[in-house]
Amino acid sequence: MIEVICNDRLGRKVRVKVNEDDTIGDLKKILAAQTGTRPEKIKLQKWYTVYKDHVTLRDYEIHDGMGLELYYY
């Protein structure tokens, strides 16, 4: 289990515990449950890399304690 910190730049930081084998889509579903938004309205990125739903966290080399940018459509 790893902990990922998602910052929406509006003052909200969400800490989520996930497995490295989970996909970005799974992470979005957990974030949606915690933030009260729908998963398809969430966009995750780091700098200019927008993460796609079907790729795993391990493939993107997302590790424990890593911070991601959380945007809403």
# chains A, B, ... in the order shown; residues from 1 in each chain; ligands from 1
>>> select_by_dssp(residues="range 1-66 of chain A", states="strand (DSSP E)", output="list of chain:residue names")
A:Ile2, A:Glu3, A:Val4, A:Ile5, A:Cys6, A:Asn7, A:Lys13, A:Val14, A:Arg15, A:Val16, A:Lys17, A:Val18, A:Ile42, A:Lys43, A:Leu44, A:Gln45, A:Lys46, A:Thr49, A:Val50
>>> write_last_selection(atoms="N, CA and C atoms", output="compact mmCIF listing (two decimals), in the first residue's frame")
# COMPACT_ATOMS: atom_id res chain seq x y z
N ILE A 2 0.52 2.19 -0.81
CA ILE A 2 1.22 3.47 -0.85
C ILE A 2 0.21 4.57 -0.58
N GLU A 3 0.71 5.71 -0.12
CA GLU A 3 -0.14 6.87 0.12
C GLU A 3 0.18 7.94 -0.91
N VAL A 4 -0.85 8.40 -1.61
CA VAL A 4 -0.70 9.43 -2.63
C VAL A 4 -1.43 10.67 -2.15
N ILE A 5 -0.80 11.84 -2.29
CA ILE A 5 -1.40 13.10 -1.86
C ILE A 5 -1.82 13.86 -3.11
N CYS A 6 -3.10 14.21 -3.18
CA CYS A 6 -3.63 14.95 -4.32
C CYS A 6 -4.04 16.34 -3.87
N ASN A 7 -3.51 17.35 -4.52
CA ASN A 7 -3.76 18.75 -4.19
C ASN A 7 -4.56 19.38 -5.32
N LYS A 13 -6.29 19.17 0.22
CA LYS A 13 -5.35 18.09 -0.03
C LYS A 13 -6.00 16.80 0.41
N VAL A 14 -6.01 15.82 -0.47
CA VAL A 14 -6.64 14.54 -0.18
C VAL A 14 -5.56 13.48 -0.15
N ARG A 15 -5.50 12.73 0.95
CA ARG A 15 -4.55 11.63 1.08
C ARG A 15 -5.29 10.32 0.84
N VAL A 16 -4.74 9.49 -0.06
CA VAL A 16 -5.41 8.26 -0.45
C VAL A 16 -4.42 7.10 -0.34
N LYS A 17 -4.88 6.00 0.23
CA LYS A 17 -4.07 4.77 0.29
C LYS A 17 -4.53 3.85 -0.83
N VAL A 18 -3.59 3.47 -1.71
CA VAL A 18 -3.88 2.59 -2.84
C VAL A 18 -2.72 1.61 -3.03
N ILE A 42 -12.79 14.21 -12.91
CA ILE A 42 -11.49 14.43 -12.27
C ILE A 42 -10.37 14.21 -13.29
N LYS A 43 -9.38 15.10 -13.26
CA LYS A 43 -8.19 14.95 -14.09
C LYS A 43 -6.97 14.98 -13.16
N LEU A 44 -6.11 13.99 -13.27
CA LEU A 44 -4.89 13.93 -12.47
C LEU A 44 -3.70 14.19 -13.37
N GLN A 45 -2.78 15.00 -12.89
CA GLN A 45 -1.58 15.26 -13.67
C GLN A 45 -0.43 15.63 -12.75
N LYS A 46 0.77 15.56 -13.31
CA LYS A 46 1.99 15.99 -12.64
C LYS A 46 2.74 16.81 -13.67
N THR A 49 2.18 16.22 -17.58
CA THR A 49 1.79 14.84 -17.90
C THR A 49 0.40 14.58 -17.34
N VAL A 50 -0.57 14.35 -18.21
CA VAL A 50 -1.93 14.01 -17.80
C VAL A 50 -2.02 12.50 -17.76
>>> select_by_dssp(residues="chain A", states="alpha helix (DSSP H)", output="mmCIF file with C-alpha atoms, in the first residue's frame")
data_model
loop_
_atom_site.group_PDB
_atom_site.id
_atom_site.type_symbol
_atom_site.label_atom_id
_atom_site.label_comp_id
_atom_site.auth_asym_id
_atom_site.auth_seq_id
_atom_site.Cartn_x
_atom_site.Cartn_y
_atom_site.Cartn_z
ATOM 1 C CA ILE A 24 -5.441 5.701 -12.352
ATOM 2 C CA GLY A 25 -9.157 5.016 -12.879
ATOM 3 C CA ASP A 26 -9.295 3.189 -9.530
ATOM 4 C CA LEU A 27 -7.533 6.128 -7.865
ATOM 5 C CA LYS A 28 -10.069 8.521 -9.401
ATOM 6 C CA LYS A 29 -12.955 6.445 -8.002
ATOM 7 C CA ILE A 30 -11.494 6.647 -4.487
ATOM 8 C CA LEU A 31 -10.877 10.389 -4.868
ATOM 9 C CA ALA A 32 -14.431 10.872 -6.135
ATOM 10 C CA ALA A 33 -15.811 9.163 -3.043
ATOM 11 C CA GLN A 34 -13.754 11.404 -0.751
ATOM 12 C CA THR A 35 -14.341 14.693 -2.570
#
>>> atom_distance(atom1="CA of Leu70 in chain A", atom2="CA of Leu10 in chain A")
9.7 Å
>>> atom_distance(atom1="CA of Tyr72 in chain A", atom2="CA of Trp47 in chain A")
15.7 Å
>>> closest_atom_pairs(of="range 8-46 of chain A", to="range 55-60 of chain A", cutoff="7 Å", atoms="only C-alpha atoms", output="Markdown table")
| residue | atom | partner | partner_atom | distance |
| --- | --- | --- | --- | --- |
| A:Glu20 | CA | A:Arg58 | CA | 5.2 |
| A:Asp21 | CA | A:Thr56 | CA | 5.7 |
| A:Asp22 | CA | A:Thr56 | CA | 5.5 |
| A:Thr23 | CA | A:Thr56 | CA | 4.0 |
| A:Ile24 | CA | A:Thr56 | CA | 6.0 |
>>> closest_residue(among="A:Arg9, A:Asp53, A:Gly65, A:Tyr73", to="Arg38 in chain A", atoms="only C-alpha atoms")
A:Tyr73
>>> atom_distance(atom1="CA of His54 in chain A", atom2="CA of Gly11 in chain A")
28.1 Å
